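Chemist: I have a structure here, written as structure tokens, and I will follow up with some questions on it.
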Amino acid sequence: MRWLKMRHLVCGLWPGLSSWDDYALVRILRASRLLRWALVICLAWLIAIPAVMVRAWRVTPQHVTPIIHISLLDFLQARSLERSAVMASEAGQMNQARHAWRAAIANHPGHLPTLRQYLAFLIHIPPQESTARDTLEYGKWLLQLNPGKQDEAVLFAEACYVQGLYLEALETLLPFQTSLGDAARGLLLKVSMLARRLDFCDELMANPEFFPTKKDDCFNLLHLAYQVIRGSLNTTQDPPQMWHTQFEQAAHQVLAHQLHLLISEFQGLPQSYRASLDYLQSMGRDHVADHLRYWELLCRLGRYQEATHSMEVFGEDPRSIGETLWYVQIAQDLGLEEVALRLLRAQAPLYPRSPLLWIRLAQELEQAGRWDAMRREALGVREASRHLKALKDLSYYMEARAAHADQRYQTADQYVRLLEHDLTPWPSMAVLIGKGLCRMGHAAKALNLIEPGLKQASARNDPALWSLVLHARCTMGSRIGLVAAASQLHRINPQNTYFRDQYIALLLSERREPNKVLLMTHAVINPSNRCLPRGALHHARALMLNHRFEEAGRYLEGLDPTQLNRTDREAYYLARFEHALGRQDFAMARQEATRITAPLLWPGDAAFLASALSTLNAKAS
């Protein structure tokens, strides 16, 4: 009866439905309640499956980019994986737990409790390369999702401390310095000491309010170590023995040995350093940076053979870009070029969004003249350019440099023409490619890649980029922009004597601003300063620029050209030539001109010499 009433009602609204009785399926559904429910369930599934799988639920706040959406299925999977991670952790299966935590966060990246639980999990497992990377990635993501929260910052800093990321922990805690509790203040002092920021430790120790309100054994241990390092504790007893006697709790032994590493490094005691390093290694709490400092200590003491052996038997990889570059530099200092190259090849692909390791690899291969290897590595760099477009230019440069070294100049030129990106955001890449292009005779191309970005704030104060501009223009023999580039270098670092002398030399070369350059050179030869031969030469030339030839002659007579480097020696002979011209002694001027090698002069000086010689020759004829 209900079916008939419903049918009459629907047919009244939709008259065409009365003809549906002619269809067999409709008659079957009328006859079977089971089939009707089966049809309803199927239709419900067809509607529910897309609804569950569509990613329409935003999980990131308004201030966070990129915007991330998840689906209901992602949410359910994340909760299941979170339970699996807890169970694996309780069972002692740390690797499985870690993978489950990562998968849970991947399914629901905006779930703050999951991120907090994973960071807390990382605090209680031994540090590794992968865990250090996870700490930085997920900790910074937590702080980005929930900025300004002290609890999150302390949690991230604690995880960074366990992973040996002391500087990152210090930077995280600094904004909350005045509001930290006793435990967090102890953590701040701990990471600042282990990060070798003793100047900051001095500020903390000078503030009475920084000391804990209640007795804290950990803080007392840190204070004791600080006194030993600063020499304010007079004792003949070995510091670690003092700590072991005073603090027998196992919780403080790791910290005691970490601080002992710091003390041994400052006091230059490699045996003592090695003993604590072995203890930390046995506990799984050593870091790659601890071994790097040990090798540096051995090198500083001239014990290169021990450092080489220790590096060769060490089996761990660096845990960050900075550690990799540090490791490579020590390997180079020890003459282990193959170790440095192997490390760069292995580590560079792990950081596809950073060009630093690829740039260093290209530098090492170029300096070693390993052109076949450079060609092979260029393919890997081009593969990484999917993540960073500028790496494609680095790969083209590597191909061009290798082809040019093999005297395949046409192929090299083809690759040079493919370079197109502005390189100023990556100064080290710009310097590498720019200098290489200058060596290959493409200085104009180097300027095209660099100069458009020099107006940016980040590039405006970068001395490496402006030095490259100066080098490229000199290579081209162009006078345009030379003084401006030298002026920028002097502005960036006024205390740098090389930049100052270069700026003075270019002002003299271009015969510009005679009063200004005279004041600058007068300050250099001031009796209170130690005047070098170059300073006296520049002052003599500045005097001549102001038509004071008699005074200039006295400075020139007091100079010995053998005390000057090759470039300054040419400037000295040019100054004698100009002095002879100013005194109308043309015979002496011609004699001095024969000593000058024009290609070694600045472009403005070379132009002045050519013009003066042309005038002399015209007078002689």
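Starting from 1 in every chain, residues are counted up; chains themselves are A, B, ... following the order of the structure tokens, and ligands are numbered from 1 as listed.
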Just the residues within 8 Å of segment 463-473 of chain A, please, counting only C-alpha atoms, with nothing from its chain fewer than 2 positions along; format it as a list in words.

Modeler: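 My reading of the contact set: Thr424, Pro427, Ser428, Ala430, Val431, Gly434, Lys435, Cys438, Ala443, Ala444, Ala446, Leu447, Ile450, Glu451, Ala459, Asn461, Thr475, Met476, Gly477, Ser478, Arg479, Ile480, Gly481, Leu482, Ala485, Ala486, Gln488, Leu489 and Ile492 of chain A.
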
Chemist: Please list as number ranges by chain every residue within 8 Å of Tyr138 of chain A, counting only C-alpha atoms and excluding residues in the same chain fewer than 4 positions away.

Modeler: A: 115, 119, 134, 142

Chemist: Could you write out the selected residues, including C-alpha atoms, as a tab-separated table (two decimals), in the first residue's frame?

Modeler:
```tsv
chain	number	residue	atom	x	y	z
A	115	LEU	CA	53.95	16.81	14.84
A	119	LEU	CA	59.40	15.56	17.76
A	134	ASP	CA	63.51	15.19	10.10
A	142	LEU	CA	55.45	23.04	13.43
```

Chemist: In Å, rounded to a single decimal, give me how far atom CA of Asp372 of chain A is from atom CA of Met429 of chain A.

Modeler: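 Separating atom CA of Met429 of chain A from atom CA of Asp372 of chain A is a distance of 20.4 Å.
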
Chemist: List as a tab-separated table every residue of segment 293-407 of chain A that is in contact with segment 277-286 of chain A, defined as an atom at most 12 Å from one of its atoms (using only C-alpha atoms), together with the nearest atom pair and the distance in Å rounded to one decimal, sorted by chain and then rising number.

Modeler:
```
residue	atom	partner	partner_atom	distance
A:Arg293	CA	A:Leu277	CA	10.6
A:Tyr294	CA	A:Leu277	CA	8.7
A:Trp295	CA	A:Leu277	CA	11.9
A:Phe314	CA	A:Gln281	CA	11.4
A:Glu316	CA	A:Asp286	CA	10.7
```

Chemist: Go ahead and compute the interatomic distance for atom CA of Tyr396 of chain A and atom CA of Ala378 of chain A, in Å to one decimal.

Modeler: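 That distance, rounded to one decimal, is 7.3 Å.
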
Chemist: Hey, what's within 8 Å of Leu143 of chain A if we count only C-alpha atoms and toss same-chain stuff fewer than 6 positions away? As a list in words, please?

Modeler: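 Once the nearby chain positions are removed, what remains is Lys149, Glu152 and Ala153 of chain A.
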
Chemist: Could you turn the residues from that selection into a file that holds N, CA, C and O atoms, as a tab-separated table (two decimals), in the first residue's frame?

Modeler:
```
chain	number	residue	atom	x	y	z
A	149	LYS	N	54.64	30.30	19.72
A	149	LYS	CA	54.30	29.47	20.87
A	149	LYS	C	55.59	28.98	21.54
A	149	LYS	O	56.40	28.30	20.93
A	152	GLU	N	56.12	25.00	21.80
A	152	GLU	CA	56.59	24.39	20.56
A	152	GLU	C	58.08	24.70	20.33
A	152	GLU	O	58.84	23.85	19.89
A	153	ALA	N	58.48	25.94	20.63
A	153	ALA	CA	59.87	26.33	20.44
A	153	ALA	C	60.80	25.53	21.34
A	153	ALA	O	61.87	25.08	20.91
```

Chemist: Return as a PyMOL selection string the full set of residues in segment 46-126 of chain A whose backbone-based DSSP assignment is alpha helix (DSSP H).

Modeler: chain A and resi 46-53+72-90+94-107+112-123

Chemist: For the residues in the current selection, export N, CA and C atoms as a compact mmCIF listing (two decimals), in the first residue's frame.

Modeler:
```txt
# COMPACT_ATOMS: atom_id res chain seq x y z
N LEU A 46 28.48 4.86 -4.40
CA LEU A 46 28.92 5.67 -5.54
C LEU A 46 29.04 7.15 -5.17
N ILE A 47 28.17 7.58 -4.25
CA ILE A 47 28.23 8.98 -3.81
C ILE A 47 29.29 9.16 -2.73
N ALA A 48 29.46 8.16 -1.83
CA ALA A 48 30.36 8.30 -0.68
C ALA A 48 31.82 8.21 -1.07
N ILE A 49 32.16 7.33 -2.02
CA ILE A 49 33.57 7.13 -2.37
C ILE A 49 34.21 8.43 -2.86
N PRO A 50 33.62 9.14 -3.84
CA PRO A 50 34.24 10.43 -4.22
C PRO A 50 34.26 11.43 -3.07
N ALA A 51 33.19 11.41 -2.25
CA ALA A 51 33.16 12.36 -1.13
C ALA A 51 34.28 12.10 -0.15
N VAL A 52 34.63 10.83 0.06
CA VAL A 52 35.69 10.48 0.99
C VAL A 52 37.07 10.81 0.42
N MET A 53 37.20 10.67 -0.88
CA MET A 53 38.53 10.82 -1.50
C MET A 53 38.84 12.23 -1.97
N LEU A 72 38.87 12.94 3.70
CA LEU A 72 38.49 12.15 4.87
C LEU A 72 39.30 10.87 4.93
N LEU A 73 39.61 10.30 3.77
CA LEU A 73 40.43 9.09 3.74
C LEU A 73 41.83 9.37 4.28
N ASP A 74 42.41 10.54 3.91
CA ASP A 74 43.72 10.92 4.45
C ASP A 74 43.67 11.03 5.96
N PHE A 75 42.58 11.60 6.48
CA PHE A 75 42.45 11.76 7.93
C PHE A 75 42.39 10.40 8.62
N LEU A 76 41.61 9.48 8.07
CA LEU A 76 41.47 8.17 8.68
C LEU A 76 42.79 7.40 8.61
N GLN A 77 43.49 7.50 7.48
CA GLN A 77 44.78 6.82 7.36
C GLN A 77 45.80 7.40 8.34
N ALA A 78 45.78 8.73 8.51
CA ALA A 78 46.71 9.36 9.45
C ALA A 78 46.49 8.87 10.87
N ARG A 79 45.22 8.74 11.28
CA ARG A 79 44.94 8.26 12.63
C ARG A 79 45.39 6.80 12.80
N SER A 80 45.18 5.99 11.77
CA SER A 80 45.61 4.60 11.84
C SER A 80 47.13 4.49 11.92
N LEU A 81 47.82 5.28 11.12
CA LEU A 81 49.29 5.26 11.14
C LEU A 81 49.83 5.79 12.46
N GLU A 82 49.15 6.75 13.04
CA GLU A 82 49.59 7.27 14.33
C GLU A 82 49.51 6.19 15.41
N ARG A 83 48.42 5.42 15.40
CA ARG A 83 48.30 4.32 16.35
C ARG A 83 49.38 3.26 16.10
N SER A 84 49.68 2.99 14.83
CA SER A 84 50.74 2.03 14.51
C SER A 84 52.09 2.52 15.00
N ALA A 85 52.36 3.83 14.88
CA ALA A 85 53.63 4.39 15.33
C ALA A 85 53.78 4.25 16.84
N VAL A 86 52.70 4.50 17.59
CA VAL A 86 52.76 4.38 19.05
C VAL A 86 53.02 2.93 19.45
N MET A 87 52.34 2.00 18.78
CA MET A 87 52.52 0.59 19.10
C MET A 87 53.94 0.13 18.78
N ALA A 88 54.49 0.55 17.63
CA ALA A 88 55.85 0.16 17.26
C ALA A 88 56.86 0.76 18.22
N SER A 89 56.62 1.98 18.66
CA SER A 89 57.53 2.63 19.61
C SER A 89 57.53 1.89 20.95
N GLU A 90 56.34 1.50 21.41
CA GLU A 90 56.26 0.77 22.67
C GLU A 90 56.91 -0.60 22.58
N MET A 94 61.99 1.05 16.58
CA MET A 94 62.11 2.49 16.35
C MET A 94 62.06 2.86 14.87
N ASN A 95 62.67 2.07 14.01
CA ASN A 95 62.64 2.39 12.58
C ASN A 95 61.22 2.32 12.03
N GLN A 96 60.49 1.26 12.42
CA GLN A 96 59.10 1.14 11.96
C GLN A 96 58.27 2.29 12.51
N ALA A 97 58.51 2.65 13.77
CA ALA A 97 57.76 3.76 14.36
C ALA A 97 58.04 5.06 13.63
N ARG A 98 59.31 5.28 13.31
CA ARG A 98 59.66 6.52 12.63
C ARG A 98 58.99 6.61 11.26
N HIS A 99 59.00 5.53 10.50
CA HIS A 99 58.35 5.54 9.19
C HIS A 99 56.84 5.73 9.32
N ALA A 100 56.25 5.16 10.37
CA ALA A 100 54.82 5.34 10.57
C ALA A 100 54.49 6.79 10.93
N TRP A 101 55.32 7.42 11.78
CA TRP A 101 55.10 8.83 12.12
C TRP A 101 55.19 9.70 10.87
N ARG A 102 56.20 9.44 10.05
CA ARG A 102 56.37 10.25 8.83
C ARG A 102 55.17 10.08 7.90
N ALA A 103 54.69 8.85 7.76
CA ALA A 103 53.55 8.60 6.89
C ALA A 103 52.29 9.27 7.45
N ALA A 104 52.12 9.26 8.77
CA ALA A 104 50.95 9.91 9.38
C ALA A 104 50.98 11.42 9.11
N ILE A 105 52.16 12.02 9.22
CA ILE A 105 52.27 13.47 8.95
C ILE A 105 52.06 13.75 7.48
N ALA A 106 52.52 12.87 6.61
CA ALA A 106 52.33 13.07 5.17
C ALA A 106 50.86 13.05 4.80
N ASN A 107 50.06 12.21 5.50
CA ASN A 107 48.63 12.16 5.23
C ASN A 107 47.87 13.34 5.83
N LEU A 112 48.72 19.31 14.46
CA LEU A 112 49.75 19.73 15.41
C LEU A 112 50.10 18.66 16.44
N PRO A 113 49.13 17.94 17.02
CA PRO A 113 49.51 16.90 18.00
C PRO A 113 50.43 15.83 17.42
N THR A 114 50.20 15.44 16.16
CA THR A 114 51.07 14.44 15.54
C THR A 114 52.49 14.97 15.39
N LEU A 115 52.62 16.21 14.98
CA LEU A 115 53.95 16.81 14.84
C LEU A 115 54.65 16.88 16.20
N ARG A 116 53.91 17.26 17.23
CA ARG A 116 54.52 17.32 18.56
C ARG A 116 54.97 15.95 19.03
N GLN A 117 54.12 14.94 18.80
CA GLN A 117 54.48 13.59 19.24
C GLN A 117 55.70 13.06 18.49
N TYR A 118 55.81 13.40 17.20
CA TYR A 118 56.97 12.92 16.45
C TYR A 118 58.25 13.59 16.93
N LEU A 119 58.21 14.89 17.23
CA LEU A 119 59.40 15.56 17.76
C LEU A 119 59.78 15.00 19.13
N ALA A 120 58.78 14.71 19.95
CA ALA A 120 59.06 14.09 21.25
C ALA A 120 59.67 12.70 21.07
N PHE A 121 59.23 11.99 20.04
CA PHE A 121 59.80 10.67 19.73
C PHE A 121 61.26 10.80 19.30
N LEU A 122 61.56 11.83 18.50
CA LEU A 122 62.95 12.01 18.03
C LEU A 122 63.91 12.35 19.17
N ILE A 123 63.38 12.92 20.25
CA ILE A 123 64.23 13.26 21.39
C ILE A 123 64.77 12.01 22.06
```

Chemist: Leaving out Gly315 of chain A and any residue of its chain fewer than 6 positions from it, which residues lie within 12 Å of it when counting only C-alpha atoms, given as a list in words?

Modeler: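 The residues satisfying every condition are His287, Val288, His291, His309, Val339 and Leu343 of chain A.
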
Chemist: Could you jot down the atom CA of Phe210 of chain A to atom CA of Lys140 of chain A separation for me, Å, one decimal place?

Modeler: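 According to the coordinates, atom CA of Phe210 of chain A and atom CA of Lys140 of chain A are separated by 26.7 Å.
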
Chemist: Could you list, as a list of chain:residue names, every residue within 12 Å of Asn565 of chain A, counting only C-alpha atoms and ignoring same-chain residues fewer than 3 positions away?

Modeler: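 So, after excluding close chain neighbours, the residues are A:Leu532, A:Pro533, A:Arg534, A:Asp560, A:Pro561, A:Thr562, A:Asp568, A:Arg569, A:Glu570, A:Ala571, A:Tyr572, A:Leu600.
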
Chemist: Considering only C-alpha atoms, can you say which of A:Tyr166, A:Trp371, A:Tyr415, A:Phe549 comes closest to Ala402 of chain A?

Modeler: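 With only C-alpha atoms as the atom set, the closest residue is A:Trp371.
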
Chemist: Neighbouring residues of Leu204 of chain A were defined as those with any atom within 12 Å, considering only C-alpha atoms; residues of the same chain fewer than 5 positions away were excluded. Please report them as a list in words.

Modeler: Leu174, Gln177, Thr178, Arg185, Gly186, Leu188, Leu189, Lys190, Ser192, Met193, Arg197, Leu198, Asp199, Glu209, Phe210, Phe211, Pro212, Leu222, His223 and Tyr226 of chain A

Chemist: Keeping N, CA and C atoms for every residue in the selection just given, could you write it to a file as a compact mmCIF listing (two decimals), in the first residue's frame?

Modeler:
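In the end it all went to out.txt:
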```txt
# COMPACT_ATOMS: atom_id res chain seq x y z
N LEU A 174 66.04 32.07 21.38
CA LEU A 174 66.39 33.47 21.64
C LEU A 174 65.18 34.40 21.75
N GLN A 177 63.76 34.39 25.34
CA GLN A 177 64.81 34.37 26.35
C GLN A 177 64.32 34.87 27.71
N THR A 178 63.53 35.92 27.71
CA THR A 178 63.12 36.54 28.98
C THR A 178 61.96 35.82 29.66
N ARG A 185 65.74 27.56 30.46
CA ARG A 185 66.93 28.41 30.57
C ARG A 185 68.19 27.56 30.63
N GLY A 186 68.11 26.43 31.32
CA GLY A 186 69.23 25.50 31.31
C GLY A 186 69.51 24.99 29.91
N LEU A 188 68.85 26.66 27.14
CA LEU A 188 69.44 27.78 26.41
C LEU A 188 70.93 27.90 26.69
N LEU A 189 71.32 27.80 27.96
CA LEU A 189 72.74 27.87 28.31
C LEU A 189 73.50 26.68 27.72
N LYS A 190 72.88 25.52 27.74
CA LYS A 190 73.51 24.30 27.25
C LYS A 190 73.82 24.42 25.75
N SER A 192 73.92 27.13 23.90
CA SER A 192 74.82 28.25 23.58
C SER A 192 76.27 27.87 23.85
N MET A 193 76.52 27.09 24.90
CA MET A 193 77.88 26.63 25.19
C MET A 193 78.35 25.63 24.14
N ARG A 197 79.15 29.61 21.47
CA ARG A 197 78.77 31.02 21.56
C ARG A 197 79.05 31.52 22.97
N LEU A 198 80.33 31.53 23.32
CA LEU A 198 80.71 31.91 24.68
C LEU A 198 80.47 33.38 24.97
N ASP A 199 80.47 34.22 23.94
CA ASP A 199 80.15 35.63 24.16
C ASP A 199 78.72 35.78 24.67
N GLU A 209 69.36 37.28 37.24
CA GLU A 209 68.00 36.76 37.09
C GLU A 209 67.96 35.50 36.23
N PHE A 210 69.04 35.22 35.51
CA PHE A 210 69.05 34.05 34.65
C PHE A 210 69.24 32.77 35.47
N PHE A 211 69.84 32.84 36.64
CA PHE A 211 70.11 31.65 37.44
C PHE A 211 68.79 31.06 37.95
N PRO A 212 68.70 29.72 38.04
CA PRO A 212 67.44 29.08 38.45
C PRO A 212 67.08 29.43 39.88
N LEU A 222 76.73 23.00 34.07
CA LEU A 222 77.02 23.96 33.00
C LEU A 222 77.82 25.15 33.54
N HIS A 223 77.44 25.62 34.71
CA HIS A 223 78.15 26.75 35.32
C HIS A 223 79.60 26.38 35.64
N TYR A 226 81.54 26.37 32.45
CA TYR A 226 81.79 27.75 32.02
C TYR A 226 82.95 28.36 32.80
```
